[in-house]
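Visitor: File structure-v4.txt follows (compact mmCIF, C-alpha atoms):
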```txt
# COMPACT_ATOMS: atom_id res chain seq x y z
CA MET X 1464 14.02 -31.11 -9.93
CA HIS X 1465 10.39 -32.20 -9.36
CA MET X 1466 7.95 -29.54 -10.53
CA ASN X 1467 5.34 -28.95 -7.87
CA LYS X 1468 2.31 -26.81 -8.80
CA VAL X 1469 1.89 -23.95 -6.33
CA ILE X 1470 -0.87 -21.34 -6.47
CA VAL X 1471 -0.35 -18.06 -4.63
CA ILE X 1472 -3.44 -15.93 -4.04
CA GLY X 1473 -2.67 -12.22 -3.69
CA GLY X 1474 -0.05 -10.15 -5.44
CA GLY X 1475 1.04 -7.96 -2.57
CA ALA X 1476 4.26 -8.05 -0.55
CA ALA X 1477 3.74 -11.51 0.95
CA GLY X 1478 2.32 -13.02 -2.22
CA MET X 1479 5.01 -11.76 -4.58
CA LEU X 1480 7.84 -12.92 -2.34
CA ALA X 1481 6.12 -16.28 -1.74
CA ALA X 1482 5.80 -16.80 -5.49
CA ILE X 1483 9.41 -15.78 -6.13
CA THR X 1484 10.74 -18.07 -3.40
CA ALA X 1485 8.66 -21.07 -4.48
CA ALA X 1486 9.85 -20.60 -8.08
CA GLU X 1487 13.47 -20.26 -6.95
CA ASN X 1488 13.07 -23.62 -5.26
CA GLY X 1489 11.87 -25.34 -8.42
CA ALA X 1490 8.09 -25.10 -8.20
CA ALA X 1491 5.80 -24.23 -11.09
CA VAL X 1492 3.97 -21.21 -9.69
CA THR X 1493 0.78 -19.37 -10.61
CA LEU X 1494 0.15 -16.00 -8.91
CA LEU X 1495 -3.49 -14.86 -8.84
CA GLU X 1496 -4.30 -11.18 -8.29
CA LYS X 1497 -7.83 -9.80 -8.48
CA ASN X 1498 -6.66 -6.23 -9.17
CA GLU X 1499 -5.45 -4.82 -12.47
CA LYS X 1500 -1.85 -4.72 -11.21
CA LEU X 1501 0.42 -6.21 -8.54
CA GLY X 1502 1.52 -4.50 -5.33
CA LYS X 1503 -1.34 -2.03 -5.12
CA LYS X 1504 -0.97 -1.64 -1.36
CA ILE X 1505 2.82 -1.31 -1.61
CA TYR X 1506 2.31 1.83 -3.70
CA ILE X 1507 0.71 3.69 -0.78
CA THR X 1508 3.04 2.57 2.02
CA GLY X 1509 5.31 5.16 3.60
CA LYS X 1510 3.31 7.91 1.86
CA GLY X 1511 4.38 6.54 -1.49
CA ARG X 1512 8.02 6.08 -0.47
CA CYS X 1513 7.56 2.49 0.84
CA ASN X 1514 9.13 1.90 4.26
CA VAL X 1515 10.07 -1.57 3.08
CA THR X 1516 11.66 -2.93 6.28
CA ASN X 1517 13.64 -1.93 9.37
CA ALA X 1518 17.42 -2.41 9.59
CA CYS X 1519 17.45 -4.08 13.00
CA THR X 1520 18.28 -7.53 14.34
CA PRO X 1521 15.58 -10.21 14.54
CA GLU X 1522 15.55 -9.82 18.34
CA GLN X 1523 15.09 -6.05 18.12
CA PHE X 1524 12.44 -6.67 15.50
CA ARG X 1525 10.41 -8.98 17.73
CA GLN X 1526 10.36 -6.31 20.43
CA LYS X 1527 8.37 -4.14 18.02
CA VAL X 1528 5.80 -6.88 17.36
CA VAL X 1529 2.74 -6.23 19.50
CA LYS X 1530 0.77 -9.43 18.90
CA ASN X 1531 2.32 -12.94 18.98
CA PRO X 1532 5.99 -12.00 18.46
CA ARG X 1533 7.24 -15.52 19.33
CA PHE X 1534 5.41 -16.92 16.31
CA LEU X 1535 7.90 -15.11 14.07
CA TYR X 1536 11.14 -16.71 15.30
CA SER X 1537 11.51 -19.08 12.33
CA ALA X 1538 10.25 -16.60 9.74
CA LEU X 1539 12.67 -13.85 10.77
CA ASP X 1540 15.55 -16.31 11.05
CA ALA X 1541 14.78 -17.64 7.57
CA PHE X 1542 14.40 -14.21 5.99
CA SER X 1543 15.58 -11.28 8.09
CA PRO X 1544 15.43 -7.53 7.40
CA SER X 1545 19.04 -7.67 6.16
CA ASP X 1546 18.03 -10.48 3.79
CA MET X 1547 15.24 -8.29 2.42
CA MET X 1548 17.61 -5.37 1.91
CA GLU X 1549 20.09 -7.63 0.12
CA LYS X 1550 17.30 -9.10 -2.01
CA LEU X 1551 16.17 -5.70 -3.23
CA GLU X 1552 19.74 -4.63 -3.97
CA LYS X 1553 20.27 -7.77 -6.08
CA LEU X 1554 17.01 -7.12 -7.92
CA GLY X 1555 18.16 -3.66 -8.93
CA CYS X 1556 16.38 -1.64 -6.26
CA PRO X 1557 19.03 0.05 -4.04
CA VAL X 1558 17.89 0.92 -0.52
CA LYS X 1559 18.81 3.47 2.13
CA VAL X 1560 18.43 3.59 5.92
CA GLU X 1561 16.90 6.62 7.61
CA ARG X 1562 16.03 7.72 11.16
CA GLY X 1563 14.73 4.92 13.35
CA GLU X 1564 16.48 2.38 11.08
CA ARG X 1565 13.63 2.71 8.59
CA VAL X 1566 14.58 1.35 5.18
CA PHE X 1567 13.36 2.93 1.93
CA PRO X 1568 14.19 2.47 -1.75
CA ALA X 1569 16.99 4.93 -2.57
CA SER X 1570 14.77 6.42 -5.26
CA GLU X 1571 12.05 7.08 -2.63
CA LYS X 1572 9.55 5.52 -5.04
CA ALA X 1573 7.40 2.64 -3.81
CA SER X 1574 6.83 1.68 -7.44
CA ASP X 1575 10.51 0.70 -7.74
CA VAL X 1576 10.01 -2.01 -5.10
CA THR X 1577 7.05 -3.47 -6.96
CA ARG X 1578 8.84 -3.28 -10.32
CA ALA X 1579 11.89 -5.10 -8.93
CA LEU X 1580 9.72 -7.93 -7.65
CA GLU X 1581 7.72 -8.04 -10.88
CA ARG X 1582 10.89 -8.37 -12.94
CA GLU X 1583 11.98 -11.32 -10.82
CA LEU X 1584 8.58 -12.99 -11.18
CA HIS X 1585 8.95 -12.65 -14.95
CA ARG X 1586 12.53 -13.95 -14.94
CA LEU X 1587 11.48 -17.01 -12.94
CA ARG X 1588 8.57 -17.61 -15.32
CA VAL X 1589 5.89 -17.31 -12.66
CA GLU X 1590 2.49 -17.25 -14.35
CA VAL X 1591 0.85 -14.01 -13.21
CA ARG X 1592 -2.90 -13.77 -13.74
CA LEU X 1593 -4.47 -10.37 -13.13
CA HIS X 1594 -8.22 -9.80 -12.71
CA ALA X 1595 -8.30 -13.36 -11.32
CA GLU X 1596 -10.72 -13.27 -8.39
CA VAL X 1597 -10.92 -16.38 -6.23
CA GLU X 1598 -14.28 -17.65 -5.01
CA LYS X 1599 -13.10 -20.36 -2.62
CA LEU X 1600 -10.36 -22.81 -1.70
CA LEU X 1601 -10.78 -26.41 -2.81
CA THR X 1602 -9.95 -29.49 -0.73
CA ALA X 1603 -9.89 -33.24 -1.29
CA ASP X 1604 -9.47 -35.88 1.41
CA GLY X 1605 -8.85 -33.15 3.99
CA ALA X 1606 -5.99 -31.52 2.08
CA VAL X 1607 -5.91 -28.51 -0.21
CA SER X 1608 -6.43 -29.35 -3.88
CA GLY X 1609 -6.69 -25.98 -5.61
CA VAL X 1610 -8.92 -22.94 -5.96
CA MET X 1611 -12.11 -21.97 -7.74
CA LEU X 1612 -12.32 -18.58 -9.44
CA LYS X 1613 -15.46 -16.46 -9.44
CA ASN X 1614 -15.90 -17.18 -13.14
CA GLY X 1615 -16.35 -20.86 -12.24
CA GLU X 1616 -12.89 -21.97 -13.38
CA SER X 1617 -11.18 -24.54 -11.14
CA LEU X 1618 -7.39 -24.49 -10.84
CA PRO X 1619 -5.79 -27.62 -9.30
CA ALA X 1620 -2.66 -27.31 -7.17
CA HIS X 1621 -0.54 -29.38 -4.78
CA ARG X 1622 -0.03 -26.31 -2.56
CA VAL X 1623 -1.95 -23.05 -2.08
CA ILE X 1624 -0.47 -19.97 -0.39
CA VAL X 1625 -3.04 -17.42 0.76
CA ALA X 1626 -1.64 -13.89 0.84
CA THR X 1627 -4.72 -11.70 0.42
CA GLY X 1628 -4.01 -9.25 3.25
CA GLY X 1629 -6.38 -8.12 5.99
CA GLN X 1630 -9.17 -5.56 5.77
CA SER X 1631 -7.32 -2.24 5.94
CA TYR X 1632 -7.39 -0.03 2.84
CA PRO X 1633 -10.04 -2.14 1.07
CA THR X 1634 -9.63 -0.08 -2.13
CA THR X 1635 -6.32 -1.91 -2.62
CA GLY X 1636 -8.15 -5.23 -2.67
CA SER X 1637 -7.79 -6.16 1.02
CA THR X 1638 -11.45 -6.92 1.62
CA GLY X 1639 -11.18 -9.86 4.01
CA ASP X 1640 -11.57 -12.61 1.40
CA GLY X 1641 -8.89 -14.78 2.99
CA PHE X 1642 -10.56 -14.60 6.39
CA ARG X 1643 -13.80 -15.94 4.91
CA TRP X 1644 -12.14 -18.81 3.01
CA LEU X 1645 -10.04 -19.90 5.99
CA SER X 1646 -12.97 -19.70 8.40
CA ALA X 1647 -15.02 -21.86 6.03
CA LEU X 1648 -12.28 -24.51 6.24
CA GLY X 1649 -12.46 -24.59 10.03
CA HIS X 1650 -9.76 -22.12 11.01
CA THR X 1651 -10.27 -19.87 14.01
CA VAL X 1652 -10.32 -16.29 12.76
CA PHE X 1653 -10.22 -13.55 15.37
CA PRO X 1654 -12.39 -10.57 14.34
CA PRO X 1655 -10.38 -8.00 12.35
CA LEU X 1656 -9.77 -4.77 14.23
CA PRO X 1657 -7.88 -1.60 13.25
CA SER X 1658 -4.24 -1.22 14.29
CA LEU X 1659 -1.85 1.64 13.55
CA ILE X 1660 -4.87 3.90 13.33
CA PRO X 1661 -5.58 7.55 14.23
CA LEU X 1662 -7.45 8.10 17.50
CA THR X 1663 -10.64 10.09 17.95
CA SER X 1664 -11.45 12.65 20.66
CA ASP X 1665 -14.53 14.63 21.67
CA ALA X 1666 -12.45 17.33 23.38
CA GLY X 1667 -13.14 20.71 21.81
CA TRP X 1668 -9.60 22.01 22.41
CA ILE X 1669 -8.09 19.07 20.52
CA ARG X 1670 -10.29 19.66 17.49
CA ALA X 1671 -9.59 23.40 17.71
CA LEU X 1672 -5.92 22.59 17.10
CA GLN X 1673 -6.73 20.84 13.79
CA GLY X 1674 -3.71 20.89 11.49
CA LEU X 1675 -1.16 21.59 14.23
CA SER X 1676 1.85 19.28 14.08
CA LEU X 1677 4.11 18.80 17.10
CA LYS X 1678 7.66 17.49 16.87
CA ASN X 1679 9.96 16.12 19.57
CA VAL X 1680 7.15 15.48 22.05
CA ARG X 1681 6.72 12.39 24.22
CA LEU X 1682 3.51 10.39 24.09
CA THR X 1683 2.83 7.96 26.94
CA LEU X 1684 0.11 5.33 27.06
CA LYS X 1685 -0.79 3.71 30.39
CA SER X 1686 -3.28 1.17 31.62
CA GLY X 1687 -3.61 1.90 35.32
CA LYS X 1688 -0.03 2.29 36.52
CA LYS X 1689 1.44 0.10 33.77
CA THR X 1690 3.15 1.91 30.91
CA LEU X 1691 2.22 0.22 27.64
CA PHE X 1692 3.97 2.64 25.29
CA THR X 1693 6.16 5.73 25.50
CA ASP X 1694 8.26 7.37 22.81
CA ILE X 1695 9.43 10.72 21.47
CA GLY X 1696 8.48 11.83 17.98
CA GLU X 1697 5.80 13.59 15.97
CA MET X 1698 2.02 13.84 16.25
CA LEU X 1699 -0.76 15.74 14.55
CA PHE X 1700 -4.05 17.28 15.72
CA THR X 1701 -6.94 16.64 13.32
CA HIS X 1702 -10.62 17.48 12.93
CA PHE X 1703 -11.49 14.14 14.57
CA GLY X 1704 -8.70 13.79 17.17
CA ILE X 1705 -5.01 12.95 16.84
CA SER X 1706 -2.75 11.18 14.35
CA GLY X 1707 0.90 11.01 13.29
CA PRO X 1708 3.66 8.42 13.84
CA LEU X 1709 3.54 8.49 17.66
CA VAL X 1710 -0.23 8.08 17.75
CA LEU X 1711 -0.25 5.26 15.21
CA SER X 1712 2.32 3.30 17.21
CA ALA X 1713 0.46 3.85 20.49
CA SER X 1714 -2.79 2.74 18.84
CA ALA X 1715 -1.37 -0.76 18.38
CA TYR X 1716 -1.89 -1.26 22.11
CA VAL X 1717 -5.42 0.16 22.46
CA THR X 1718 -7.29 -1.62 19.65
CA GLU X 1719 -8.67 -4.27 21.98
CA MET X 1720 -9.25 -1.86 24.90
CA SER X 1721 -12.06 0.53 25.82
CA PRO X 1722 -11.12 4.23 26.19
CA GLU X 1723 -11.83 4.08 29.92
CA ASP X 1724 -9.21 1.35 30.31
CA PHE X 1725 -6.23 3.52 29.32
CA SER X 1726 -4.85 7.03 29.60
CA LEU X 1727 -2.82 8.99 27.06
CA THR X 1728 -0.61 11.90 28.08
CA LEU X 1729 1.69 14.27 26.23
CA ASP X 1730 4.99 15.68 27.47
CA LEU X 1731 5.42 18.87 25.47
CA LYS X 1732 9.00 19.45 26.67
CA PRO X 1733 10.63 16.01 27.11
CA GLY X 1734 14.10 17.56 26.97
CA LEU X 1735 13.49 19.54 30.17
CA SER X 1736 12.98 18.26 33.71
CA GLU X 1737 10.20 19.83 35.77
CA ASP X 1738 12.78 21.91 37.62
CA GLN X 1739 14.43 23.08 34.40
CA LEU X 1740 11.05 23.95 32.93
CA ASN X 1741 10.10 25.86 36.10
CA GLN X 1742 13.32 27.89 35.90
CA ARG X 1743 12.67 28.63 32.23
CA ILE X 1744 9.17 29.90 33.02
CA LEU X 1745 10.48 32.04 35.90
CA ARG X 1746 12.99 33.72 33.57
CA ASP X 1747 10.29 34.37 31.01
CA LEU X 1748 7.98 35.80 33.68
CA ASP X 1749 10.65 38.17 34.96
CA ALA X 1750 11.13 39.52 31.44
CA SER X 1751 7.43 39.73 30.56
CA GLY X 1752 6.04 42.37 32.90
CA LYS X 1753 2.38 42.99 32.11
CA LYS X 1754 2.16 40.82 29.01
CA GLN X 1755 -0.75 38.41 28.86
CA LEU X 1756 0.21 34.86 29.86
CA ARG X 1757 -0.77 33.42 26.47
CA THR X 1758 1.66 35.86 24.84
CA LEU X 1759 4.41 34.67 27.18
CA LEU X 1760 3.60 31.03 26.38
CA GLY X 1761 4.20 31.74 22.70
CA GLY X 1762 7.88 31.35 23.52
CA LEU X 1763 7.31 27.85 24.87
CA PHE X 1764 4.67 26.44 22.54
CA PRO X 1765 3.33 26.93 19.00
CA SER X 1766 1.06 29.98 19.02
CA ARG X 1767 -2.21 28.04 18.65
CA LEU X 1768 -1.32 25.75 21.54
CA ALA X 1769 -0.16 28.73 23.60
CA GLU X 1770 -3.68 30.17 23.16
CA GLU X 1771 -5.22 27.00 24.62
CA MET X 1772 -2.85 26.38 27.53
CA PRO X 1773 -4.22 28.97 30.04
CA ALA X 1774 -7.74 27.54 29.74
CA LEU X 1775 -6.41 23.97 30.01
CA CYS X 1776 -4.65 25.02 33.24
CA GLY X 1777 -7.86 26.61 34.52
CA PHE X 1778 -6.48 30.18 34.41
CA PRO X 1779 -8.64 33.21 33.56
CA PRO X 1780 -8.24 33.96 29.83
CA GLU X 1781 -6.74 37.43 30.32
CA THR X 1782 -4.25 36.41 33.03
CA LEU X 1783 -1.15 38.63 33.03
CA ALA X 1784 2.31 37.17 33.43
CA CYS X 1785 2.95 39.40 36.47
CA ASP X 1786 -0.15 38.01 38.22
CA MET X 1787 0.93 34.38 37.96
CA THR X 1788 1.21 32.74 41.40
CA ARG X 1789 3.52 29.94 42.45
CA GLU X 1790 0.60 27.50 42.40
CA MET X 1791 -0.35 28.59 38.88
CA ARG X 1792 3.24 28.15 37.72
CA GLN X 1793 3.38 24.65 39.21
CA SER X 1794 0.11 23.80 37.47
CA LEU X 1795 1.54 24.96 34.15
CA VAL X 1796 4.68 22.88 34.66
CA ARG X 1797 2.67 19.77 35.49
CA LEU X 1798 0.39 20.19 32.49
CA THR X 1799 3.30 20.83 30.14
CA LYS X 1800 4.96 17.61 31.27
CA GLU X 1801 1.79 15.52 31.42
CA LEU X 1802 -1.03 16.91 29.30
CA PRO X 1803 -4.00 14.48 29.28
CA LEU X 1804 -5.36 13.62 25.85
CA PRO X 1805 -8.97 12.42 26.22
CA ILE X 1806 -9.67 9.67 23.67
CA SER X 1807 -13.08 8.38 22.59
CA GLY X 1808 -12.02 5.60 20.20
CA THR X 1809 -10.32 4.88 16.88
CA ARG X 1810 -11.02 5.69 13.25
CA PRO X 1811 -12.66 2.92 11.15
CA LEU X 1812 -10.85 -0.27 10.17
CA GLN X 1813 -10.82 0.87 6.55
CA GLU X 1814 -8.37 3.65 7.52
CA ALA X 1815 -5.98 1.44 9.49
CA VAL X 1816 -2.45 0.79 8.29
CA VAL X 1817 -2.76 -2.87 9.28
CA THR X 1818 -5.35 -5.29 10.63
CA ARG X 1819 -5.25 -6.69 14.16
CA GLY X 1820 -6.76 -10.16 14.42
CA GLY X 1821 -6.93 -12.90 11.82
CA VAL X 1822 -6.07 -16.60 11.75
CA SER X 1823 -5.04 -18.06 15.10
CA VAL X 1824 -1.30 -18.72 15.07
CA LYS X 1825 -1.94 -21.82 17.21
CA GLU X 1826 -3.38 -23.42 14.08
CA MET X 1827 -0.32 -22.61 11.95
CA ASP X 1828 3.13 -24.21 11.90
CA PRO X 1829 5.56 -21.32 12.60
CA ARG X 1830 8.41 -23.26 10.94
CA THR X 1831 6.62 -23.47 7.56
CA MET X 1832 3.48 -21.25 7.64
CA GLU X 1833 1.49 -24.38 6.77
CA SER X 1834 -1.95 -24.93 8.27
CA LYS X 1835 -2.09 -27.59 10.96
CA LEU X 1836 -5.68 -28.31 9.90
CA ILE X 1837 -5.41 -28.45 6.10
CA PRO X 1838 -2.22 -29.98 4.65
CA GLY X 1839 -0.83 -28.06 1.70
CA LEU X 1840 -2.45 -24.78 2.74
CA TYR X 1841 -0.17 -21.88 3.73
CA VAL X 1842 -1.16 -18.54 5.28
CA THR X 1843 0.96 -15.39 5.26
CA GLY X 1844 1.20 -11.72 6.15
CA GLU X 1845 -1.70 -9.72 7.48
CA LEU X 1846 -4.03 -12.72 7.45
CA LEU X 1847 -2.17 -14.01 10.51
CA ASP X 1848 -2.96 -12.74 14.00
CA VAL X 1849 0.39 -10.93 14.14
CA ASP X 1850 1.02 -7.19 13.89
CA ALA X 1851 3.68 -4.67 14.83
CA MET X 1852 4.35 -0.97 15.26
CA THR X 1853 5.22 1.47 12.49
CA GLY X 1854 8.69 1.55 10.97
CA GLY X 1855 8.70 -1.12 8.27
CA PHE X 1856 7.95 -4.00 10.62
CA ASN X 1857 4.60 -5.05 9.17
CA LEU X 1858 5.88 -5.17 5.60
CA GLN X 1859 8.82 -7.28 6.77
CA ILE X 1860 6.39 -9.67 8.49
CA ALA X 1861 4.66 -10.05 5.13
CA PHE X 1862 7.97 -10.67 3.35
CA SER X 1863 9.31 -13.10 5.98
CA THR X 1864 6.14 -15.19 6.25
CA GLY X 1865 5.76 -15.13 2.46
CA TYR X 1866 9.34 -16.33 2.03
CA LEU X 1867 8.91 -19.19 4.51
CA ALA X 1868 5.63 -20.27 2.93
CA GLY X 1869 7.11 -20.17 -0.58
CA GLN X 1870 10.18 -22.10 0.49
CA ASN X 1871 8.20 -24.91 2.08
CA ALA X 1872 5.38 -25.05 -0.45
CA ALA X 1873 7.93 -25.80 -3.16
CA PHE X 1874 8.61 -29.27 -1.80
CA ASP X 1875 6.40 -32.36 -1.86
```
Show me the file's structure as structure tokens.
Guide:
Amino acid sequence: MHMNKVIVIGGGAAGMLAAITAAENGAAVTLLEKNEKLGKKIYITGKGRCNVTNACTPEQFRQKVVKNPRFLYSALDAFSPSDMMEKLEKLGCPVKVERGERVFPASEKASDVTRALERELHRLRVEVRLHAEVEKLLTADGAVSGVMLKNGESLPAHRVIVATGGQSYPTTGSTGDGFRWLSALGHTVFPPLPSLIPLTSDAGWIRALQGLSLKNVRLTLKSGKKTLFTDIGEMLFTHFGISGPLVLSASAYVTEMSPEDFSLTLDLKPGLSEDQLNQRILRDLDASGKKQLRTLLGGLFPSRLAEEMPALCGFPPETLACDMTREMRQSLVRLTKELPLPISGTRPLQEAVVTRGGVSVKEMDPRTMESKLIPGLYVTGELLDVDAMTGGFNLQIAFSTGYLAGQNAAFD
């Protein structure tokens, strides 16, 4: 088979799978990584457990993609979540499926995912160069011709796959290098913004609940009357605002919006209708006598939240359960089912799980991941203006686009 020289820049999820796939298809591959080891960002995903993909169908997958889902048709068809699971199993990294179809290595160690991919790179004789920092992409006659390293060394190549990631977690090496190189070659690069990011709030009561975690609550995000996101799960109050799985997923929809353009509400008892909740409160009131209302609410909410609820409802702080009027009870029911969460913005891009923005997908061939502007140049993963919610979807996007780029870069 003809040996075609392929350079892959970036040894993360997209880059490693791109290099493996290109080598499997007969290409001579060099993988360049500026860090001291491969997969540095993989090590911190899923809190060190690595939520490697999501065991859903490609159609279900695309429903979880917030930006440009249609661009991923070919990539997900070529390399689906089930393909990724099978790949890891074959490479000696068994996987398991948990709640929400989230897929993790059975060992619950992100390092096992990286090691499995590294072993395959070695088996396929991919040349891996660590501490190899790229300065720029090289072109000749309008097509890619190789790369130049920061030490001045030029490396020729027939094909170059850029897999450097976005700008989230810059300590892992994702410092926006790929955006700069691709912009210099004429690609449209939408400004990187944070996605899957904690939200900030100036509300004193929210910050007062710092450290409180809520489970089985419903978070709803609306823009006007349109519901953008609603789901049941977990969230966390912090010193700056709110975080947790529900909040991160909702944040994917607000990155490009101003706080005044959306509203966020919390249903503290999604398992109860308003009528059922009202009846529950009536029973508690009948049994409470002259107890303070906040003491009564300790049976409905975590104690710290129960302390805040009377003030949030506008009740006097020392209100007794026996003094609660029908109107007060209705107000409590409404607030329990739809508690407004005032939001002032997001945390910085550096703290985001993924980057929103990147290279315009209109300038990329979705069937190959090749640039429509620069022949022989392929772009993958977080560099593309594609992102999804939490649950293993963003890592799978990296794997799928990396696979498609590697497959097509291997052929002249």
Visitor: Please determine, counting only C-alpha atoms, which residue among X:Lys1559, X:Arg1681, X:Lys1835, X:Lys1599 has the shortest atom-to-atom distance to Gly1641 of chain X.
Guide: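 Nearest candidate to Gly1641 of chain X out of X:Lys1559, X:Arg1681, X:Lys1835, X:Lys1599: X:Lys1599.
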Visitor: Given only C-alpha atoms as the basis, pick out the residue of X:Asp1749, X:Glu1801, X:Asp1575, X:Asp1540 nearest to Leu1783 of chain X.
Guide: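 The closest residue to Leu1783 of chain X is X:Asp1749.
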Visitor: Within 9 Å of (4.0, 35.0, 35.2) in the file's own coordinates, which protein, DNA or RNA residues have an atom, counting all atoms listed in the file? List them as a compact mmCIF listing (two decimals) with C-alpha atoms, in the frame of the given file.
Guide:
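Saved file point-v4.txt follows:
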```txt
# COMPACT_ATOMS: atom_id res chain seq x y z
CA ILE X 1744 9.17 29.90 33.02
CA LEU X 1745 10.48 32.04 35.90
CA ASP X 1747 10.29 34.37 31.01
CA LEU X 1748 7.98 35.80 33.68
CA ASP X 1749 10.65 38.17 34.96
CA SER X 1751 7.43 39.73 30.56
CA GLY X 1752 6.04 42.37 32.90
CA LYS X 1753 2.38 42.99 32.11
CA LYS X 1754 2.16 40.82 29.01
CA GLN X 1755 -0.75 38.41 28.86
CA LEU X 1756 0.21 34.86 29.86
CA LEU X 1759 4.41 34.67 27.18
CA THR X 1782 -4.25 36.41 33.03
CA LEU X 1783 -1.15 38.63 33.03
CA ALA X 1784 2.31 37.17 33.43
CA CYS X 1785 2.95 39.40 36.47
CA ASP X 1786 -0.15 38.01 38.22
CA MET X 1787 0.93 34.38 37.96
CA THR X 1788 1.21 32.74 41.40
CA ARG X 1789 3.52 29.94 42.45
CA MET X 1791 -0.35 28.59 38.88
CA ARG X 1792 3.24 28.15 37.72
```
Visitor: Report the distance between atom CA of Arg1670 of chain X and atom CA of Thr1701 of chain X in Å, rounded to one decimal place.
Guide: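 For atom CA of Arg1670 of chain X relative to atom CA of Thr1701 of chain X, the distance reads 6.1 Å.
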Visitor: What's the 12 Å shell around Glu1719 of chain X, counting all atoms listed in the file, without same-chain residues fewer than 3 positions away, as a VMD selection string?
Guide: chain X and resid 1529 to 1530 1653 to 1658 1714 to 1716 1722 to 1725 1808 to 1809 1818 to 1820
Visitor: Have a look at X:Gly1639, X:Met1772, X:Met1827, X:Thr1651 and name the one nearest to Thr1758 of chain X; count all atoms listed in the file.
Guide: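 Going through X:Gly1639, X:Met1772, X:Met1827, X:Thr1651 one by one, the smallest distance to Thr1758 of chain X is for X:Met1772.
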Visitor: How many Å lie between atom CA of Glu1549 of chain X and atom CA of Ala1491 of chain X, rounded to one decimal?
Guide: 24.6 Å
